[in-house]
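Structure record follows, encoded as structure tokens.
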Amino acid sequence: MSASQKAIKGLAQYPSLKGKRIFITGGGTGIGEALVSAFAEQGALVAFVDIATEASEALCARLAAAGFPAPLFRHCDIRDIGLLQATMAAMAKEIGDFDVLVNNAANDTRHAVEDVSVEFWDNSIAINQRPLFFTCQAVLAGMKKKGGGSIINFSSISWHIANGGYPAYVTAKSAVIGLTRGLARELGPHNIRVNTVTPGWVITERQNN
Ligand SMILES: NC(=O)c1ccc[n+]([C@@H]2O[C@H](COP(=O)([O-])OP(=O)(O)OC[C@H]3O[C@@H](n4cnc5c(N)ncnc54)[C@H](O)[C@@H]3O)[C@@H](O)[C@H]2O)c1
């Protein structure tokens, strides 16, 4: 059973989420897939980006067939900030300004210290760190217009527990906390909450392989 099929079964209802506009990065598989499903099950309108086109399209079809609001999916590699900004603007135009932003997409490919090149390092930061700021920037005007919003940034327990095996990933994931705290202070007066979610080990399809 996929994460979305599990999520659809028997969650509590949160009526305040009905009709809310949600934007999620990496919503096609793994935890992101469960997030897309859970928000759709609450009656929220979800827009998400991913590079896993087949899985993302199948997820949208599954949720629509189950009678939930069909999520809006666009293929977008979040390393391309210009494309990400343009995609978010187009999706907000289609469904309305976002109430909730979830920065979920990441890549935790393991790497040995000796093997890390400048290109590898930059690529890891370009997925796991850089987009999180620009998605926050992109939702800001809409959330201010709406009188508030919620931003959720995914970190990881990995660096808290001093895990080895992926130094570029843990560097980016620890920076998520700094971004969250700095923005929370700055955006709080606009009624925009900024929080970090720090998962432990979650056995997604990818972690299983
Ligand atoms: N699963 C865990 O054990 C665990 C533990 C700690 C933290 N987390 C965090 O939770 C979040 C979700 O993790 P997950 O395990 O579901 O990850 P995952 O690898 O299973 O899924 C990530 C999703 O992001 C997408 N993605 C990857 N690179 C992309 C790119 N360049 N552009 C657009 N989309 C891209 C993938 O296609 C995939 O759908 C991540 O931020 C991760 O760091 C996960």
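In the structure tokens, each chain is lettered A, B, ... as it comes, each chain's residues begin at 1, and ligands are numbered from 1 in order of appearance.
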Practice problem: Let me have all residues with an atom within 6 Å of ligand 1, counting only C-alpha atoms and all ligand atoms, laid out as number ranges by chain. | Solution: A: 26-32, 50-52, 76-79, 104-107, 127, 154-157, 199-204, 206
Keeping N, CA, C and O atoms, export the residues of the selection given above as a compact mmCIF listing (two decimals), in the first residue's frame.
# COMPACT_ATOMS: atom_id res chain seq x y z
N GLY A 26 8.45 18.52 -3.81
CA GLY A 26 8.72 17.08 -3.69
C GLY A 26 7.51 16.30 -3.22
O GLY A 26 7.64 15.38 -2.41
N GLY A 27 6.34 16.64 -3.75
CA GLY A 27 5.10 16.00 -3.28
C GLY A 27 4.75 14.69 -3.95
O GLY A 27 3.74 14.08 -3.63
N GLY A 28 5.59 14.22 -4.86
CA GLY A 28 5.22 13.05 -5.67
C GLY A 28 5.42 11.71 -5.01
O GLY A 28 4.70 10.75 -5.30
N THR A 29 6.42 11.62 -4.14
CA THR A 29 6.71 10.33 -3.49
C THR A 29 7.10 10.56 -2.03
O THR A 29 7.32 11.70 -1.61
N GLY A 30 7.22 9.48 -1.29
CA GLY A 30 7.73 9.56 0.08
C GLY A 30 6.83 10.36 1.01
O GLY A 30 5.60 10.34 0.89
N ILE A 31 7.47 11.09 1.93
CA ILE A 31 6.70 11.90 2.90
C ILE A 31 5.86 12.95 2.17
O ILE A 31 4.72 13.22 2.54
N GLY A 32 6.41 13.50 1.08
CA GLY A 32 5.67 14.51 0.31
C GLY A 32 4.37 13.96 -0.24
O GLY A 32 3.34 14.65 -0.23
N ASP A 50 7.61 18.40 -8.47
CA ASP A 50 8.48 17.24 -8.28
C ASP A 50 9.16 16.97 -9.61
O ASP A 50 8.78 17.53 -10.64
N ILE A 51 10.19 16.11 -9.56
CA ILE A 51 10.80 15.65 -10.82
C ILE A 51 10.33 14.23 -11.15
O ILE A 51 10.61 13.73 -12.22
N ALA A 52 9.62 13.62 -10.22
CA ALA A 52 9.10 12.26 -10.43
C ALA A 52 7.72 12.38 -11.08
O ALA A 52 6.68 12.32 -10.40
N CYS A 76 8.99 20.26 -11.99
CA CYS A 76 9.90 21.39 -11.78
C CYS A 76 11.08 20.92 -10.94
O CYS A 76 10.89 20.39 -9.84
N ASP A 77 12.27 21.09 -11.46
CA ASP A 77 13.48 20.79 -10.70
C ASP A 77 13.78 22.00 -9.84
O ASP A 77 14.08 23.09 -10.37
N ILE A 78 13.72 21.83 -8.53
CA ILE A 78 13.84 22.99 -7.63
C ILE A 78 15.25 23.58 -7.61
O ILE A 78 15.47 24.62 -6.99
N ARG A 79 16.20 22.93 -8.29
CA ARG A 79 17.54 23.54 -8.40
C ARG A 79 17.51 24.75 -9.31
O ARG A 79 18.38 25.61 -9.23
N ASN A 104 9.56 20.46 1.42
CA ASN A 104 9.78 19.04 1.76
C ASN A 104 10.86 18.38 0.92
O ASN A 104 11.60 17.51 1.41
N ALA A 105 11.00 18.76 -0.35
CA ALA A 105 11.91 18.04 -1.27
C ALA A 105 13.34 18.04 -0.74
O ALA A 105 13.82 19.03 -0.18
N ALA A 106 14.02 16.94 -0.93
CA ALA A 106 15.42 16.83 -0.52
C ALA A 106 16.05 15.65 -1.23
O ALA A 106 15.36 14.86 -1.88
N ASN A 107 17.36 15.55 -1.10
CA ASN A 107 18.08 14.39 -1.63
C ASN A 107 19.17 14.02 -0.62
O ASN A 107 20.09 14.80 -0.37
N ILE A 127 19.75 21.61 -3.91
CA ILE A 127 18.49 20.87 -3.66
C ILE A 127 18.03 21.08 -2.22
O ILE A 127 16.87 21.39 -1.97
N PHE A 154 11.29 21.40 6.20
CA PHE A 154 11.74 20.09 6.67
C PHE A 154 13.25 20.09 6.94
O PHE A 154 14.05 20.31 6.03
N SER A 155 13.60 19.80 8.18
CA SER A 155 15.00 19.55 8.54
C SER A 155 15.16 18.03 8.66
O SER A 155 14.49 17.28 7.95
N SER A 156 16.00 17.60 9.55
CA SER A 156 16.25 16.17 9.73
C SER A 156 16.90 15.94 11.08
O SER A 156 17.69 16.77 11.56
N ILE A 157 16.59 14.79 11.66
CA ILE A 157 17.21 14.44 12.94
C ILE A 157 18.69 14.09 12.75
O ILE A 157 19.48 14.08 13.70
N PRO A 199 11.94 15.22 11.01
CA PRO A 199 11.60 13.80 11.07
C PRO A 199 12.77 12.96 11.59
O PRO A 199 13.93 13.31 11.42
N GLY A 200 12.41 11.86 12.21
CA GLY A 200 13.37 10.78 12.47
C GLY A 200 13.40 9.92 11.21
O GLY A 200 13.07 10.38 10.12
N TRP A 201 13.78 8.66 11.35
CA TRP A 201 13.88 7.81 10.16
C TRP A 201 12.48 7.37 9.75
O TRP A 201 11.75 6.75 10.52
N VAL A 202 12.10 7.71 8.55
CA VAL A 202 10.78 7.36 8.01
C VAL A 202 11.02 6.45 6.81
O VAL A 202 11.71 6.84 5.87
N ILE A 203 10.46 5.27 6.85
CA ILE A 203 10.77 4.30 5.80
C ILE A 203 9.88 4.55 4.57
O ILE A 203 8.80 3.98 4.42
N THR A 204 10.37 5.44 3.71
CA THR A 204 9.71 5.69 2.44
C THR A 204 10.20 4.65 1.43
O THR A 204 11.11 3.86 1.73
N ARG A 206 12.07 5.15 -1.03
CA ARG A 206 13.50 5.40 -1.28
C ARG A 206 14.37 4.85 -0.16
O ARG A 206 15.41 4.23 -0.40
Output as a Markdown table one row per residue of segment 87-155 of chain A within 9 Å of segment 177-193 of chain A: the closest atom pair and its distance in Å to one decimal place, counting only C-alpha atoms, sorted by chain and residue number ascending.
| residue | atom | partner | partner_atom | distance |
| --- | --- | --- | --- | --- |
| A:Leu132 | CA | A:Leu179 | CA | 8.4 |
| A:Phe133 | CA | A:Leu179 | CA | 7.4 |
| A:Cys136 | CA | A:Leu183 | CA | 8.7 |
| A:Leu140 | CA | A:Leu187 | CA | 8.6 |
| A:Met143 | CA | A:Ile192 | CA | 7.2 |
| A:Lys144 | CA | A:His190 | CA | 6.2 |
| A:Gly147 | CA | A:Asn191 | CA | 6.5 |
| A:Gly148 | CA | A:Asn191 | CA | 4.4 |
| A:Gly149 | CA | A:Ile192 | CA | 4.6 |
| A:Ser150 | CA | A:Arg193 | CA | 4.8 |
| A:Ile151 | CA | A:Arg193 | CA | 6.1 |
| A:Ile152 | CA | A:Arg193 | CA | 8.3 |
| A:Asn153 | CA | A:Thr180 | CA | 7.0 |
| A:Phe154 | CA | A:Ile177 | CA | 8.9 |
| A:Ser155 | CA | A:Ile177 | CA | 7.0 |
Quiz item: Pick the closest to Leu59 of chain A from A:Ala47, A:Leu11, A:Glu33, A:Thr198: which is it, counting only C-alpha atoms?
Solution: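 The closest residue to Leu59 of chain A is A:Glu33.
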Practice problem: List every residue of chain A that DSSP, applied to the backbone, labels as strand (DSSP E or B), and write the result as number ranges by chain. | Solution: A: 21-25, 45-50, 72-75, 100-103, 149-154, 192-197
Exercise. Could you check which of A:Phe39, A:Trp121, A:Phe134, A:Phe98 is closest to Ala86 of chain A, using only C-alpha atoms?
Key: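 Result for the nearest residue to Ala86 of chain A: A:Phe134.
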Practice problem: Between A:Val113, A:Val194, A:Gln129, A:His75, single out the one closest to Ala55 of chain A, counting only C-alpha atoms. | Solution: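 That would be A:His75, the residue with the smallest distance to Ala55 of chain A.
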Spatial neighbours of segment 88-92 of chain A, 9 Å, only C-alpha atoms, chain gap at least 6 places, as a PDB file with all heavy atoms, in the first residue's frame:
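This went into selection-v1.pdb:
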ATOM      1  N   ARG A  21      -5.104  26.890   0.338  1.00  0.00           N
ATOM      2  CA  ARG A  21      -4.199  26.669  -0.791  1.00  0.00           C
ATOM      3  C   ARG A  21      -2.834  26.288  -0.236  1.00  0.00           C
ATOM      4  O   ARG A  21      -2.241  27.042   0.559  1.00  0.00           O
ATOM      5  CB  ARG A  21      -4.066  27.945  -1.618  1.00  0.00           C
ATOM      6  CG  ARG A  21      -5.107  28.105  -2.699  1.00  0.00           C
ATOM      7  CD  ARG A  21      -6.499  28.211  -2.200  1.00  0.00           C
ATOM      8  NE  ARG A  21      -7.421  28.526  -3.300  1.00  0.00           N
ATOM      9  CZ  ARG A  21      -8.733  28.427  -3.237  1.00  0.00           C
ATOM     10  NH1 ARG A  21      -9.317  28.003  -2.127  1.00  0.00           N
ATOM     11  NH2 ARG A  21      -9.478  28.752  -4.278  1.00  0.00           N
ATOM     12  N   PHE A  23       1.153  24.771  -1.015  1.00  0.00           N
ATOM     13  CA  PHE A  23       2.217  24.483  -1.986  1.00  0.00           C
ATOM     14  C   PHE A  23       3.259  23.586  -1.328  1.00  0.00           C
ATOM     15  O   PHE A  23       3.758  23.887  -0.237  1.00  0.00           O
ATOM     16  CB  PHE A  23       2.890  25.771  -2.488  1.00  0.00           C
ATOM     17  CG  PHE A  23       3.955  25.477  -3.509  1.00  0.00           C
ATOM     18  CD1 PHE A  23       3.616  25.240  -4.835  1.00  0.00           C
ATOM     19  CD2 PHE A  23       5.296  25.396  -3.144  1.00  0.00           C
ATOM     20  CE1 PHE A  23       4.588  24.923  -5.783  1.00  0.00           C
ATOM     21  CE2 PHE A  23       6.277  25.088  -4.072  1.00  0.00           C
ATOM     22  CZ  PHE A  23       5.919  24.857  -5.400  1.00  0.00           C
ATOM     23  N   ALA A  47      -1.093  22.346  -4.564  1.00  0.00           N
ATOM     24  CA  ALA A  47      -0.228  22.457  -5.738  1.00  0.00           C
ATOM     25  C   ALA A  47       1.129  21.903  -5.320  1.00  0.00           C
ATOM     26  O   ALA A  47       1.603  22.207  -4.224  1.00  0.00           O
ATOM     27  CB  ALA A  47      -0.099  23.912  -6.160  1.00  0.00           C
ATOM     28  N   PHE A  48       1.715  21.057  -6.165  1.00  0.00           N
ATOM     29  CA  PHE A  48       3.040  20.558  -5.798  1.00  0.00           C
ATOM     30  C   PHE A  48       3.933  20.401  -7.017  1.00  0.00           C
ATOM     31  O   PHE A  48       3.467  20.280  -8.146  1.00  0.00           O
ATOM     32  CB  PHE A  48       2.956  19.243  -5.001  1.00  0.00           C
ATOM     33  CG  PHE A  48       2.549  18.017  -5.771  1.00  0.00           C
ATOM     34  CD1 PHE A  48       3.504  17.115  -6.238  1.00  0.00           C
ATOM     35  CD2 PHE A  48       1.217  17.736  -6.019  1.00  0.00           C
ATOM     36  CE1 PHE A  48       3.139  15.960  -6.925  1.00  0.00           C
ATOM     37  CE2 PHE A  48       0.833  16.590  -6.705  1.00  0.00           C
ATOM     38  CZ  PHE A  48       1.793  15.705  -7.164  1.00  0.00           C
ATOM     39  N   VAL A  49       5.232  20.452  -6.747  1.00  0.00           N
ATOM     40  CA  VAL A  49       6.223  20.240  -7.806  1.00  0.00           C
ATOM     41  C   VAL A  49       7.069  19.025  -7.446  1.00  0.00           C
ATOM     42  O   VAL A  49       7.225  18.685  -6.269  1.00  0.00           O
ATOM     43  CB  VAL A  49       7.147  21.467  -8.004  1.00  0.00           C
ATOM     44  CG1 VAL A  49       6.368  22.633  -8.585  1.00  0.00           C
ATOM     45  CG2 VAL A  49       7.846  21.858  -6.706  1.00  0.00           C
ATOM     46  N   LEU A  72      -2.794  19.879  -8.055  1.00  0.00           N
ATOM     47  CA  LEU A  72      -2.209  20.416  -9.285  1.00  0.00           C
ATOM     48  C   LEU A  72      -0.719  20.083  -9.250  1.00  0.00           C
ATOM     49  O   LEU A  72      -0.033  20.418  -8.285  1.00  0.00           O
ATOM     50  CB  LEU A  72      -2.411  21.929  -9.255  1.00  0.00           C
ATOM     51  CG  LEU A  72      -2.129  22.753 -10.488  1.00  0.00           C
ATOM     52  CD1 LEU A  72      -3.035  22.320 -11.629  1.00  0.00           C
ATOM     53  CD2 LEU A  72      -2.384  24.238 -10.152  1.00  0.00           C
ATOM     54  N   PHE A  73      -0.236  19.382 -10.285  1.00  0.00           N
ATOM     55  CA  PHE A  73       1.177  18.999 -10.325  1.00  0.00           C
ATOM     56  C   PHE A  73       1.878  19.662 -11.501  1.00  0.00           C
ATOM     57  O   PHE A  73       1.334  19.716 -12.601  1.00  0.00           O
ATOM     58  CB  PHE A  73       1.314  17.476 -10.448  1.00  0.00           C
ATOM     59  CG  PHE A  73       2.674  17.036 -10.930  1.00  0.00           C
ATOM     60  CD1 PHE A  73       3.803  17.221 -10.142  1.00  0.00           C
ATOM     61  CD2 PHE A  73       2.841  16.475 -12.197  1.00  0.00           C
ATOM     62  CE1 PHE A  73       5.067  16.853 -10.600  1.00  0.00           C
ATOM     63  CE2 PHE A  73       4.090  16.101 -12.661  1.00  0.00           C
ATOM     64  CZ  PHE A  73       5.216  16.290 -11.858  1.00  0.00           C
ATOM     65  N   ARG A  74       3.098  20.149 -11.263  1.00  0.00           N
ATOM     66  CA  ARG A  74       3.967  20.591 -12.353  1.00  0.00           C
ATOM     67  C   ARG A  74       5.341  19.963 -12.160  1.00  0.00           C
ATOM     68  O   ARG A  74       5.869  19.962 -11.043  1.00  0.00           O
ATOM     69  CB  ARG A  74       4.126  22.125 -12.362  1.00  0.00           C
ATOM     70  CG  ARG A  74       2.873  22.881 -12.694  1.00  0.00           C
ATOM     71  CD  ARG A  74       2.537  22.855 -14.185  1.00  0.00           C
ATOM     72  NE  ARG A  74       1.288  23.556 -14.460  1.00  0.00           N
ATOM     73  CZ  ARG A  74       0.074  23.029 -14.385  1.00  0.00           C
ATOM     74  NH1 ARG A  74      -0.086  21.769 -14.041  1.00  0.00           N
ATOM     75  NH2 ARG A  74      -0.997  23.743 -14.638  1.00  0.00           N
ATOM     76  N   PHE A  98      -1.098  31.177  -1.893  1.00  0.00           N
ATOM     77  CA  PHE A  98      -0.922  30.054  -0.967  1.00  0.00           C
ATOM     78  C   PHE A  98      -1.088  30.487   0.499  1.00  0.00           C
ATOM     79  O   PHE A  98      -0.587  31.524   0.912  1.00  0.00           O
ATOM     80  CB  PHE A  98       0.457  29.419  -1.155  1.00  0.00           C
ATOM     81  CG  PHE A  98       0.653  28.905  -2.563  1.00  0.00           C
ATOM     82  CD1 PHE A  98       1.638  29.420  -3.383  1.00  0.00           C
ATOM     83  CD2 PHE A  98      -0.178  27.914  -3.068  1.00  0.00           C
ATOM     84  CE1 PHE A  98       1.802  28.958  -4.683  1.00  0.00           C
ATOM     85  CE2 PHE A  98      -0.015  27.438  -4.357  1.00  0.00           C
ATOM     86  CZ  PHE A  98       0.971  27.964  -5.172  1.00  0.00           C
ATOM     87  N   THR A 135      11.414  29.821  -2.052  1.00  0.00           N
ATOM     88  CA  THR A 135       9.978  29.513  -1.966  1.00  0.00           C
ATOM     89  C   THR A 135       9.323  30.404  -0.898  1.00  0.00           C
ATOM     90  O   THR A 135       8.209  30.891  -1.099  1.00  0.00           O
ATOM     91  CB  THR A 135       9.723  28.027  -1.625  1.00  0.00           C
ATOM     92  OG1 THR A 135      10.497  27.694  -0.472  1.00  0.00           O
ATOM     93  CG2 THR A 135      10.094  27.111  -2.780  1.00  0.00           C
ATOM     94  N   ALA A 138       8.805  33.650  -2.383  1.00  0.00           N
ATOM     95  CA  ALA A 138       7.755  33.640  -3.408  1.00  0.00           C
ATOM     96  C   ALA A 138       6.347  33.697  -2.817  1.00  0.00           C
ATOM     97  O   ALA A 138       5.437  34.210  -3.458  1.00  0.00           O
ATOM     98  CB  ALA A 138       7.904  32.390  -4.283  1.00  0.00           C
ATOM     99  N   VAL A 139       6.142  33.135  -1.616  1.00  0.00           N
ATOM    100  CA  VAL A 139       4.779  33.123  -1.043  1.00  0.00           C
ATOM    101  C   VAL A 139       4.489  34.374  -0.215  1.00  0.00           C
ATOM    102  O   VAL A 139       3.343  34.599   0.192  1.00  0.00           O
ATOM    103  CB  VAL A 139       4.529  31.873  -0.152  1.00  0.00           C
ATOM    104  CG1 VAL A 139       4.648  30.593  -0.980  1.00  0.00           C
ATOM    105  CG2 VAL A 139       5.454  31.831   1.054  1.00  0.00           C
ATOM    106  N   GLY A 142       1.688  37.060  -1.294  1.00  0.00           N
ATOM    107  CA  GLY A 142       0.343  36.476  -1.223  1.00  0.00           C
ATOM    108  C   GLY A 142      -0.112  36.293   0.216  1.00  0.00           C
ATOM    109  O   GLY A 142      -1.260  36.564   0.559  1.00  0.00           O
TER     110      GLY A 142
END
Practice problem: List every residue of segment 16-170 of chain A that DSSP, applied to the backbone, labels as helix (DSSP H, G or I), and write the result as number ranges by chain. | Solution: A: 16-17, 30-41, 53-65, 81-95, 113-115, 118-128, 130-146, 167-170
Quiz prompt | Pairwise distance for atom CA of Ala66 of chain A and atom CA of Glu54 of chain A, rounded to one decimal in Å | solution =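 Going from atom CA of Ala66 of chain A over to atom CA of Glu54 of chain A, I get 18.4 Å.
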